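Beneath this line is the structure, given in C-alpha cells, with notes to follow.
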Amino acid sequence: MTEMSHNSGSTAKSLAPIFISHGSPMLVARQSTPAFDFFVGQLGPQTDGVRAILMVSAHWQTAEPTISTSARQETIHDFYGFPQPLYQLHYDVAGDPALAQQIADQIGLATDRTRGLDHGAWMPMILARPDADIPVFQLSMLGHGGPKEHYELGQKLRGLRDLGVLVVASGAMTHNLRVLDRNEGAIDPWAVEFTNWMIERVRARDIDALLNYRSLAPHAVMAHPEDDHLMPLYVALGAASDDFEPDLLHDSYEFGNLAMTALRFYDQGEARIAA
C-alpha cells in the first residue's frame with residue numbers, strides 16, 4: 001500500500017471512515033424524519049476539523065477508479081420526477097484540485113476535471129455542512145465490481161487520513177425501489193432482518209461473511225435487486241483499519257423498507273464522537 005506524507009496539520013476530531021445511507025432525493029424536503037434530523041444535527045459534527053471530504057457515491061460508476069479534480073463542484077441533479085424546488089438547490093462547495101491530484105498520483109487513480117457532485121454526495125452535505133466550509137471531492141465506484149473489488153478499493157484509501165482527508169461513503173443499506181411504501185406503513189420485516197444481519201456481521205468484523213452477503217444474508221436479493229447502492233459500504237470497510245470498532249451512528253427506516261443506516265469505523269480504542 002502506498003504511503004502518503006502528512007502535511008495537513010489537521011485538528012480533526014476523527015478521520016475514521018463513515019458509511020451513510022443517503023435515501024431519497026426527498027430527504028431534503030422531508031423535514032420531520034429521524035434521518036433528516038441525523039443529517040442536520042449529527043453528521044456535521046462527525047466531519048468537523050477535517051482538511052477535506054472524499055465522497056464515494058453509488059451514483060458515480062466508471063471503468064476505473066476516478067477522482068474529481070474540479071476547483072468548484074457543480075451540483076448534479078441526477079434524478080427525475082421530483083418536486084421542482086429540489087432542482088433549485090445548489091451546494092456551492094469548493095474542491096481541492098491539488099490535493100485530489102496528489103491522491104490520484106500516490107494511489108493510482110484516473111482524474112476528471114469536470115465532474116461535480118451527484119445527489120448521493122451533495123444532498124448529505126447540504127444538510128450536514130450547509131456553510132460548505134470544507135472542500136469536497138468525489139471518487140467513483142467500479143461499474144463492474146462487487147464487494148471484494150470495492151473492499152480492495154477502500155484499502156487503497158487508508159492513507160488518506162494521513163492527509164487529513166475523511167472518507168464518506170454514500171449508498172444505502174437497503175435499496176429496492178420497486179417495493180417502497182409511499183404511504184409509510186409498517187416497516188417490512190425482511191428489511192429489518194437484512195439490516196440487522198449486516199450490522200451484526202460488521203460488529204463481528206466478519207469480512208468474509210460480508211463479502212459473501214449475497215448468498216449468506218437473509219433477503220439479500222430483496223434488499224438489493226442490484227447491489228450498487230451497497231458497494232459504498234465495502235469502500236468504507238476497506239478504508240477502515242483491520243481491527244476497526246464500528247459505531248452505529250443512525251438506524252431508521254423510510255418508505256417501509258428503505259434503511260437509513262449510518263456506520264462509522266473507528267480504530268480500536270479511538271474515542272467516539274458525541275454528536
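The chains in the C-alpha cells are called A, B, ... from first to last as shown; in each chain the residues are counted from 1, and the ligands are counted from 1 in the order shown.
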Wanna dump the segment 122-155 of chain A-segment 88-96 of chain A contacts at 7 Å for me, each residue with its shortest atom pair and the distance in Å to one decimal, counting only C-alpha atoms, ordered by chain and number, as CSV?
residue,atom,partner,partner_atom,distance
A:Trp122,CA,A:Tyr91,CA,6.4
A:Ile126,CA,A:Tyr91,CA,6.0
A:Ala132,CA,A:Val93,CA,5.1
A:Pro135,CA,A:Gly95,CA,4.9
A:Val136,CA,A:Gly95,CA,5.1
A:Phe137,CA,A:Gly95,CA,5.4
Just C-alpha atoms for this one: save the residues we selected as a PDB file, in the first residue's frame.
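Generated output (again-v3.pdb):
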ATOM      1  CA  TRP A 122     -24.202  16.844  -2.229  1.00  0.00           C
ATOM      2  CA  ILE A 126     -26.039  20.367   2.124  1.00  0.00           C
ATOM      3  CA  ALA A 132     -19.899  24.466   2.598  1.00  0.00           C
ATOM      4  CA  PRO A 135     -13.646  21.146   0.442  1.00  0.00           C
ATOM      5  CA  VAL A 136     -15.420  18.139  -1.040  1.00  0.00           C
ATOM      6  CA  PHE A 137     -14.405  15.981  -3.971  1.00  0.00           C
TER       7      PHE A 137
END
**Asked** What's the 9 Å shell around segment 196-203 of chain A, counting only C-alpha atoms, without same-chain residues fewer than 4 positions away, as a list in words?
**Response**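 Near neighbours after the sequence-gap exclusion: Met173, Ala191, Val192, Ile207, Ala209, Leu210, Tyr213, Ala217, Pro218, Leu237, Glu245, Pro246, Asp247, Leu248 and Leu263 of chain A.
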Please produce an output containing C-alpha atoms for each residue in the selection, written as a compact mmCIF listing (two decimals), in the first residue's frame.
# COMPACT_ATOMS: atom_id res chain seq x y z
CA MET A 173 -28.25 -0.37 3.45
CA ALA A 191 -35.63 -5.10 5.58
CA VAL A 192 -35.05 -5.29 9.33
CA ILE A 207 -15.34 -9.56 6.47
CA ALA A 209 -19.35 -13.15 5.51
CA LEU A 210 -19.87 -9.57 4.41
CA TYR A 213 -23.55 -11.36 1.78
CA ALA A 217 -27.62 -12.65 4.28
CA PRO A 218 -31.37 -13.14 4.68
CA LEU A 237 -14.96 -1.09 5.40
CA GLU A 245 -14.53 -0.81 16.07
CA PRO A 246 -17.88 0.08 14.44
CA ASP A 247 -20.24 2.69 15.79
CA LEU A 248 -23.88 2.64 14.66
CA LEU A 263 -21.94 3.49 10.49
**Message:** Report, in Å to a single decimal, how far apart atom CA of Leu142 of chain A and atom CA of Tyr234 of chain A are.
**Reply:** 11.8 Å
**Asked** Hey, what's within 10 Å of Leu180 of chain A if we count only C-alpha atoms and toss same-chain stuff fewer than 6 positions away? As JSON, numbers by chain, please?
**Response** {"A": [188, 254, 255, 256, 257, 258]}
**Prompt:** Given the choices A:Gly238, A:Gly116, A:Pro85, A:Pro232, which gets closest to Ala58 of chain A if the distance is worked out from only C-alpha atoms?
**Reply:**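 Nearest to Ala58 of chain A: A:Pro232.
The nearest approach to Thr174 of chain A among the residues A:Ile20, A:Ala100, A:Leu157, A:Leu211, with only C-alpha atoms taken into account, belongs to A:Ile20.
Those residues in segment 62-101 of chain A carrying a DSSP assignment of strand (DSSP E), computed from the backbone, are Thr62, Thr66, Ile67 and Ser68 of chain A.
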**Message:** Quick check for you: according to DSSP on this backbone, which residues of segment 65-158 of chain A are classed as alpha helix (DSSP H)? Reply as a VMD selection string.
**Reply:** chain A and resid 97 to 107 119 to 128 147 to 155
Restricting the output to N, CA and C atoms, write the selected residues as a PDB file, in the first residue's frame.
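Listing of result07.pdb after writing:
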ATOM      1  N   PRO A  97      -8.244  20.801  -6.087  1.00  0.00           N
ATOM      2  CA  PRO A  97      -7.583  20.126  -7.206  1.00  0.00           C
ATOM      3  C   PRO A  97      -6.188  19.598  -6.880  1.00  0.00           C
ATOM      4  N   ALA A  98      -5.407  20.384  -6.141  1.00  0.00           N
ATOM      5  CA  ALA A  98      -4.042  19.944  -5.842  1.00  0.00           C
ATOM      6  C   ALA A  98      -4.041  18.710  -4.955  1.00  0.00           C
ATOM      7  N   LEU A  99      -4.878  18.705  -3.935  1.00  0.00           N
ATOM      8  CA  LEU A  99      -4.946  17.563  -3.034  1.00  0.00           C
ATOM      9  C   LEU A  99      -5.510  16.341  -3.752  1.00  0.00           C
ATOM     10  N   ALA A 100      -6.551  16.533  -4.554  1.00  0.00           N
ATOM     11  CA  ALA A 100      -7.123  15.417  -5.303  1.00  0.00           C
ATOM     12  C   ALA A 100      -6.088  14.829  -6.269  1.00  0.00           C
ATOM     13  N   GLN A 101      -5.310  15.699  -6.913  1.00  0.00           N
ATOM     14  CA  GLN A 101      -4.280  15.218  -7.833  1.00  0.00           C
ATOM     15  C   GLN A 101      -3.183  14.468  -7.082  1.00  0.00           C
ATOM     16  N   GLN A 102      -2.824  14.942  -5.900  1.00  0.00           N
ATOM     17  CA  GLN A 102      -1.826  14.260  -5.081  1.00  0.00           C
ATOM     18  C   GLN A 102      -2.293  12.847  -4.730  1.00  0.00           C
ATOM     19  N   ILE A 103      -3.562  12.735  -4.345  1.00  0.00           N
ATOM     20  CA  ILE A 103      -4.117  11.417  -4.028  1.00  0.00           C
ATOM     21  C   ILE A 103      -4.102  10.524  -5.264  1.00  0.00           C
ATOM     22  N   ALA A 104      -4.517  11.095  -6.395  1.00  0.00           N
ATOM     23  CA  ALA A 104      -4.530  10.324  -7.645  1.00  0.00           C
ATOM     24  C   ALA A 104      -3.147   9.808  -7.985  1.00  0.00           C
ATOM     25  N   ASP A 105      -2.137  10.673  -7.846  1.00  0.00           N
ATOM     26  CA  ASP A 105      -0.771  10.285  -8.185  1.00  0.00           C
ATOM     27  C   ASP A 105      -0.243   9.210  -7.239  1.00  0.00           C
ATOM     28  N   GLN A 106      -0.565   9.317  -5.976  1.00  0.00           N
ATOM     29  CA  GLN A 106       0.039   8.427  -4.979  1.00  0.00           C
ATOM     30  C   GLN A 106      -0.609   7.054  -4.921  1.00  0.00           C
ATOM     31  N   ILE A 107      -1.891   6.947  -5.260  1.00  0.00           N
ATOM     32  CA  ILE A 107      -2.504   5.623  -5.197  1.00  0.00           C
ATOM     33  C   ILE A 107      -3.004   5.138  -6.556  1.00  0.00           C
ATOM     34  N   HIS A 119     -26.256  13.563  -6.419  1.00  0.00           N
ATOM     35  CA  HIS A 119     -27.093  13.795  -5.238  1.00  0.00           C
ATOM     36  C   HIS A 119     -26.726  12.884  -4.073  1.00  0.00           C
ATOM     37  N   GLY A 120     -26.058  11.756  -4.356  1.00  0.00           N
ATOM     38  CA  GLY A 120     -25.578  10.936  -3.262  1.00  0.00           C
ATOM     39  C   GLY A 120     -24.465  11.601  -2.475  1.00  0.00           C
ATOM     40  N   ALA A 121     -23.833  12.607  -3.072  1.00  0.00           N
ATOM     41  CA  ALA A 121     -22.742  13.334  -2.424  1.00  0.00           C
ATOM     42  C   ALA A 121     -23.198  14.679  -1.868  1.00  0.00           C
ATOM     43  N   TRP A 122     -23.896  15.491  -2.701  1.00  0.00           N
ATOM     44  CA  TRP A 122     -24.202  16.844  -2.229  1.00  0.00           C
ATOM     45  C   TRP A 122     -25.390  16.909  -1.282  1.00  0.00           C
ATOM     46  N   MET A 123     -26.349  15.994  -1.417  1.00  0.00           N
ATOM     47  CA  MET A 123     -27.518  16.074  -0.542  1.00  0.00           C
ATOM     48  C   MET A 123     -27.167  15.850   0.929  1.00  0.00           C
ATOM     49  N   PRO A 124     -26.379  14.832   1.277  1.00  0.00           N
ATOM     50  CA  PRO A 124     -25.991  14.723   2.688  1.00  0.00           C
ATOM     51  C   PRO A 124     -25.202  15.936   3.173  1.00  0.00           C
ATOM     52  N   MET A 125     -24.350  16.476   2.314  1.00  0.00           N
ATOM     53  CA  MET A 125     -23.501  17.586   2.731  1.00  0.00           C
ATOM     54  C   MET A 125     -24.264  18.901   2.855  1.00  0.00           C
ATOM     55  N   ILE A 126     -25.288  19.117   2.026  1.00  0.00           N
ATOM     56  CA  ILE A 126     -26.039  20.367   2.124  1.00  0.00           C
ATOM     57  C   ILE A 126     -26.818  20.426   3.435  1.00  0.00           C
ATOM     58  N   LEU A 127     -27.124  19.252   3.986  1.00  0.00           N
ATOM     59  CA  LEU A 127     -27.784  19.189   5.287  1.00  0.00           C
ATOM     60  C   LEU A 127     -26.776  19.223   6.428  1.00  0.00           C
ATOM     61  N   ALA A 128     -25.684  18.482   6.270  1.00  0.00           N
ATOM     62  CA  ALA A 128     -24.711  18.349   7.361  1.00  0.00           C
ATOM     63  C   ALA A 128     -23.803  19.562   7.478  1.00  0.00           C
ATOM     64  N   PRO A 147     -18.447  -6.746  -4.034  1.00  0.00           N
ATOM     65  CA  PRO A 147     -17.939  -6.443  -2.699  1.00  0.00           C
ATOM     66  C   PRO A 147     -16.416  -6.518  -2.587  1.00  0.00           C
ATOM     67  N   LYS A 148     -15.811  -7.578  -3.131  1.00  0.00           N
ATOM     68  CA  LYS A 148     -14.362  -7.748  -2.998  1.00  0.00           C
ATOM     69  C   LYS A 148     -13.607  -6.594  -3.656  1.00  0.00           C
ATOM     70  N   GLU A 149     -14.013  -6.222  -4.860  1.00  0.00           N
ATOM     71  CA  GLU A 149     -13.318  -5.151  -5.583  1.00  0.00           C
ATOM     72  C   GLU A 149     -13.471  -3.810  -4.869  1.00  0.00           C
ATOM     73  N   HIS A 150     -14.637  -3.563  -4.299  1.00  0.00           N
ATOM     74  CA  HIS A 150     -14.836  -2.281  -3.613  1.00  0.00           C
ATOM     75  C   HIS A 150     -14.168  -2.270  -2.238  1.00  0.00           C
ATOM     76  N   TYR A 151     -14.087  -3.427  -1.593  1.00  0.00           N
ATOM     77  CA  TYR A 151     -13.321  -3.516  -0.349  1.00  0.00           C
ATOM     78  C   TYR A 151     -11.843  -3.230  -0.625  1.00  0.00           C
ATOM     79  N   GLU A 152     -11.317  -3.779  -1.703  1.00  0.00           N
ATOM     80  CA  GLU A 152      -9.918  -3.536  -2.058  1.00  0.00           C
ATOM     81  C   GLU A 152      -9.692  -2.083  -2.460  1.00  0.00           C
ATOM     82  N   LEU A 153     -10.677  -1.474  -3.109  1.00  0.00           N
ATOM     83  CA  LEU A 153     -10.576  -0.048  -3.418  1.00  0.00           C
ATOM     84  C   LEU A 153     -10.491   0.754  -2.124  1.00  0.00           C
ATOM     85  N   GLY A 154     -11.320   0.408  -1.149  1.00  0.00           N
ATOM     86  CA  GLY A 154     -11.264   1.095   0.131  1.00  0.00           C
ATOM     87  C   GLY A 154      -9.922   0.951   0.819  1.00  0.00           C
ATOM     88  N   GLN A 155      -9.307  -0.224   0.712  1.00  0.00           N
ATOM     89  CA  GLN A 155      -7.997  -0.428   1.338  1.00  0.00           C
ATOM     90  C   GLN A 155      -6.956   0.543   0.791  1.00  0.00           C
TER      91      GLN A 155
END
**Asked** Can you tell me, as a ChimeraX atom specification, what residues are no more than 9 Å from Gly23 of chain A when counting only C-alpha atoms, ignoring any on the same chain fewer than 2 positions away?
**Response** /A:20-21,25-27,35,120,171-172,175,254,258-260
Writer output for current selection, all heavy atoms, as an mmCIF file, in the first residue's frame:
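Ended up saving to out_3.cif:
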data_model
loop_
_atom_site.group_PDB
_atom_site.id
_atom_site.type_symbol
_atom_site.label_atom_id
_atom_site.label_comp_id
_atom_site.auth_asym_id
_atom_site.auth_seq_id
_atom_site.Cartn_x
_atom_site.Cartn_y
_atom_site.Cartn_z
ATOM 1 N N ILE A 20 -22.872 6.157 5.009
ATOM 2 C CA ILE A 20 -24.208 6.701 5.210
ATOM 3 C C ILE A 20 -25.147 6.153 4.142
ATOM 4 O O ILE A 20 -24.732 5.846 3.023
ATOM 5 C CB ILE A 20 -24.221 8.245 5.160
ATOM 6 C CG1 ILE A 20 -23.647 8.764 3.835
ATOM 7 C CG2 ILE A 20 -23.489 8.836 6.355
ATOM 8 C CD1 ILE A 20 -23.768 10.270 3.660
ATOM 9 N N SER A 21 -26.416 6.037 4.499
ATOM 10 C CA SER A 21 -27.471 5.740 3.539
ATOM 11 C C SER A 21 -28.128 7.065 3.184
ATOM 12 O O SER A 21 -28.734 7.713 4.047
ATOM 13 C CB SER A 21 -28.491 4.776 4.148
ATOM 14 O OG SER A 21 -27.894 3.553 4.502
ATOM 15 N N PRO A 25 -34.059 11.509 -2.881
ATOM 16 C CA PRO A 25 -33.873 12.955 -3.031
ATOM 17 C C PRO A 25 -34.850 13.776 -2.197
ATOM 18 O O PRO A 25 -34.574 14.935 -1.876
ATOM 19 C CB PRO A 25 -34.105 13.181 -4.536
ATOM 20 C CG PRO A 25 -33.699 11.890 -5.164
ATOM 21 C CD PRO A 25 -34.143 10.829 -4.192
ATOM 22 N N MET A 26 -35.976 13.173 -1.826
ATOM 23 C CA MET A 26 -36.952 13.871 -0.994
ATOM 24 C C MET A 26 -36.473 14.081 0.434
ATOM 25 O O MET A 26 -37.131 14.776 1.214
ATOM 26 C CB MET A 26 -38.268 13.095 -0.984
ATOM 27 C CG MET A 26 -39.055 13.182 -2.286
ATOM 28 S SD MET A 26 -39.562 14.876 -2.685
ATOM 29 C CE MET A 26 -40.736 15.174 -1.358
ATOM 30 N N LEU A 27 -35.319 13.493 0.791
ATOM 31 C CA LEU A 27 -34.812 13.643 2.147
ATOM 32 C C LEU A 27 -34.712 15.106 2.548
ATOM 33 O O LEU A 27 -35.044 15.485 3.679
ATOM 34 C CB LEU A 27 -33.430 12.987 2.268
ATOM 35 C CG LEU A 27 -32.739 13.151 3.616
ATOM 36 C CD1 LEU A 27 -33.439 12.317 4.683
ATOM 37 C CD2 LEU A 27 -31.273 12.756 3.533
ATOM 38 N N ALA A 35 -34.094 10.414 9.975
ATOM 39 C CA ALA A 35 -32.914 10.508 9.117
ATOM 40 C C ALA A 35 -32.580 11.964 8.816
ATOM 41 O O ALA A 35 -31.399 12.348 8.816
ATOM 42 C CB ALA A 35 -33.150 9.736 7.815
ATOM 43 N N GLY A 120 -26.058 11.756 -4.356
ATOM 44 C CA GLY A 120 -25.578 10.936 -3.262
ATOM 45 C C GLY A 120 -24.465 11.601 -2.475
ATOM 46 O O GLY A 120 -24.188 11.219 -1.333
ATOM 47 N N GLY A 171 -24.358 5.409 0.177
ATOM 48 C CA GLY A 171 -25.134 4.441 -0.584
ATOM 49 C C GLY A 171 -26.461 4.176 0.089
ATOM 50 O O GLY A 171 -27.212 5.098 0.391
ATOM 51 N N ALA A 172 -26.745 2.894 0.361
ATOM 52 C CA ALA A 172 -27.994 2.523 1.025
ATOM 53 C C ALA A 172 -27.848 1.130 1.609
ATOM 54 O O ALA A 172 -27.362 0.226 0.936
ATOM 55 C CB ALA A 172 -29.161 2.558 0.044
ATOM 56 N N HIS A 175 -32.088 -1.160 -0.726
ATOM 57 C CA HIS A 175 -32.390 -0.317 -1.894
ATOM 58 C C HIS A 175 -33.166 -1.130 -2.925
ATOM 59 O O HIS A 175 -32.597 -1.673 -3.864
ATOM 60 C CB HIS A 175 -31.091 0.214 -2.498
ATOM 61 C CG HIS A 175 -31.282 1.308 -3.503
ATOM 62 N ND1 HIS A 175 -31.243 1.093 -4.872
ATOM 63 C CD2 HIS A 175 -31.533 2.620 -3.334
ATOM 64 C CE1 HIS A 175 -31.436 2.241 -5.499
ATOM 65 N NE2 HIS A 175 -31.621 3.176 -4.593
ATOM 66 N N GLU A 254 -37.368 4.488 6.145
ATOM 67 C CA GLU A 254 -38.324 5.336 5.461
ATOM 68 C C GLU A 254 -39.005 4.520 4.364
ATOM 69 O O GLU A 254 -38.437 3.548 3.858
ATOM 70 C CB GLU A 254 -37.646 6.571 4.875
ATOM 71 C CG GLU A 254 -37.037 7.472 5.950
ATOM 72 C CD GLU A 254 -36.522 8.791 5.410
ATOM 73 O OE1 GLU A 254 -36.449 8.957 4.180
ATOM 74 O OE2 GLU A 254 -36.187 9.659 6.240
ATOM 75 N N LEU A 258 -36.750 1.267 3.371
ATOM 76 C CA LEU A 258 -35.510 1.938 2.982
ATOM 77 C C LEU A 258 -34.699 2.223 4.244
ATOM 78 O O LEU A 258 -34.977 3.171 4.983
ATOM 79 C CB LEU A 258 -35.813 3.231 2.228
ATOM 80 C CG LEU A 258 -34.626 3.961 1.599
ATOM 81 C CD1 LEU A 258 -33.961 3.103 0.525
ATOM 82 C CD2 LEU A 258 -35.081 5.300 1.000
ATOM 83 N N ALA A 259 -33.713 1.371 4.505
ATOM 84 C CA ALA A 259 -32.907 1.509 5.718
ATOM 85 C C ALA A 259 -31.957 2.689 5.584
ATOM 86 O O ALA A 259 -31.190 2.778 4.626
ATOM 87 C CB ALA A 259 -32.122 0.226 5.986
ATOM 88 N N MET A 260 -31.995 3.579 6.544
ATOM 89 C CA MET A 260 -31.170 4.799 6.523
ATOM 90 C C MET A 260 -29.953 4.653 7.443
ATOM 91 O O MET A 260 -29.495 5.607 8.046
ATOM 92 C CB MET A 260 -32.032 5.993 6.941
ATOM 93 C CG MET A 260 -33.201 6.267 6.013
ATOM 94 S SD MET A 260 -32.679 6.672 4.325
ATOM 95 C CE MET A 260 -31.832 8.230 4.605
#
**Message:** Using only C-alpha atoms for the distances, tell me which of A:Ala16, A:Ile76, A:Ala71, A:Val40 is nearest to Val168 of chain A.
**Reply:** A:Ala16
**Request:** Find, counting only C-alpha atoms, the residue in A:His224, A:Ile18, A:Asp162, A:Arg115 that gets nearest to Thr261 of chain A.
**Result:**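 Among the listed residues, the smallest separation from Thr261 of chain A belongs to A:Ile18.
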**Nearest to Glu184 of chain A by atom-to-atom distance, counting only C-alpha atoms, from A:Phe79, A:Asp243, A:Tyr253, A:Thr62** =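 Among the listed residues, A:Tyr253 lies closest to Glu184 of chain A.
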**Asked** Quick one: distance from atom CA of Asp37 of chain A to atom CA of Arg182 of chain A in Å, one decimal?
**Response** 19.9 Å
**Item:** Best match for closeness to Asp48 of chain A among A:Asp267, A:Asp251, A:Asp133, A:Asp181, counting only C-alpha atoms
**Value:** A:Asp133
**Item:** Nearby residues (only C-alpha atoms) at most 10 Å from Glu270 of chain A, same-chain spacing under 2 positions excluded, as a VMD selection string
**Value:** chain A and resid 14 16 244 to 245 265 to 268 272 to 273
Would you write out those residues with N, CA, C and O atoms, as a CSV table (one decimal), in the first residue's frame?
chain,number,residue,atom,x,y,z
A,14,SER,N,-11.8,13.2,14.3
A,14,SER,CA,-11.6,11.8,13.9
A,14,SER,C,-11.5,11.8,12.3
A,14,SER,O,-12.2,12.6,11.7
A,16,ALA,N,-11.9,8.6,11.0
A,16,ALA,CA,-12.4,7.3,10.8
A,16,ALA,C,-13.5,7.3,9.7
A,16,ALA,O,-14.3,8.2,9.7
A,244,PHE,N,-10.9,-2.5,13.2
A,244,PHE,CA,-11.8,-1.4,13.5
A,244,PHE,C,-12.9,-1.7,14.5
A,244,PHE,O,-13.2,-2.9,14.8
A,245,GLU,N,-13.4,-0.7,15.2
A,245,GLU,CA,-14.5,-0.8,16.1
A,245,GLU,C,-15.7,0.0,15.5
A,245,GLU,O,-15.6,1.2,15.4
A,265,PHE,N,-16.4,3.7,11.3
A,265,PHE,CA,-15.4,2.6,11.6
A,265,PHE,C,-14.2,3.2,12.3
A,265,PHE,O,-13.2,3.5,11.6
A,266,TYR,N,-14.2,3.2,13.6
A,266,TYR,CA,-13.1,3.8,14.4
A,266,TYR,C,-12.0,2.8,14.5
A,266,TYR,O,-12.2,1.6,14.4
A,267,ASP,N,-10.8,3.3,14.7
A,267,ASP,CA,-9.7,2.5,15.1
A,267,ASP,C,-10.0,2.0,16.6
A,267,ASP,O,-10.6,2.6,17.3
A,268,GLN,N,-9.4,0.8,16.9
A,268,GLN,CA,-9.6,0.2,18.2
A,268,GLN,C,-9.1,1.2,19.3
A,268,GLN,O,-8.0,1.7,19.2
A,272,ARG,N,-15.1,7.8,20.6
A,272,ARG,CA,-16.2,8.1,19.8
A,272,ARG,C,-16.6,9.6,19.8
A,272,ARG,O,-16.3,10.3,20.8
A,273,ILE,N,-17.2,10.1,18.8
A,273,ILE,CA,-17.6,11.5,18.7
A,273,ILE,C,-19.0,11.6,19.2
A,273,ILE,O,-19.9,11.0,18.6
**Residue contacts of Val167 of chain A (7 Å, only C-alpha atoms) excluding same-chain residues fewer than 6 positions away, as a ChimeraX atom specification** = /A:17-18,53-55
Output file for the selection above: C-alpha atoms, as a tab-separated table (two decimals), in the first residue's frame:
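The result, stored in result_15.tsv:
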chain	number	residue	atom	x	y	z
A	17	PRO	CA	-14.37	6.44	7.57
A	18	ILE	CA	-18.14	6.79	7.54
A	53	ILE	CA	-14.04	15.18	2.50
A	54	LEU	CA	-13.79	12.48	-0.14
A	55	MET	CA	-17.30	11.33	-1.06
**Request:** Quick one: pull the distance between atom CA of Ser215 of chain A and atom CA of Thr195 of chain A, Å, one decimal.
**Result:**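 Interatomic distance here is 14.8 Å.
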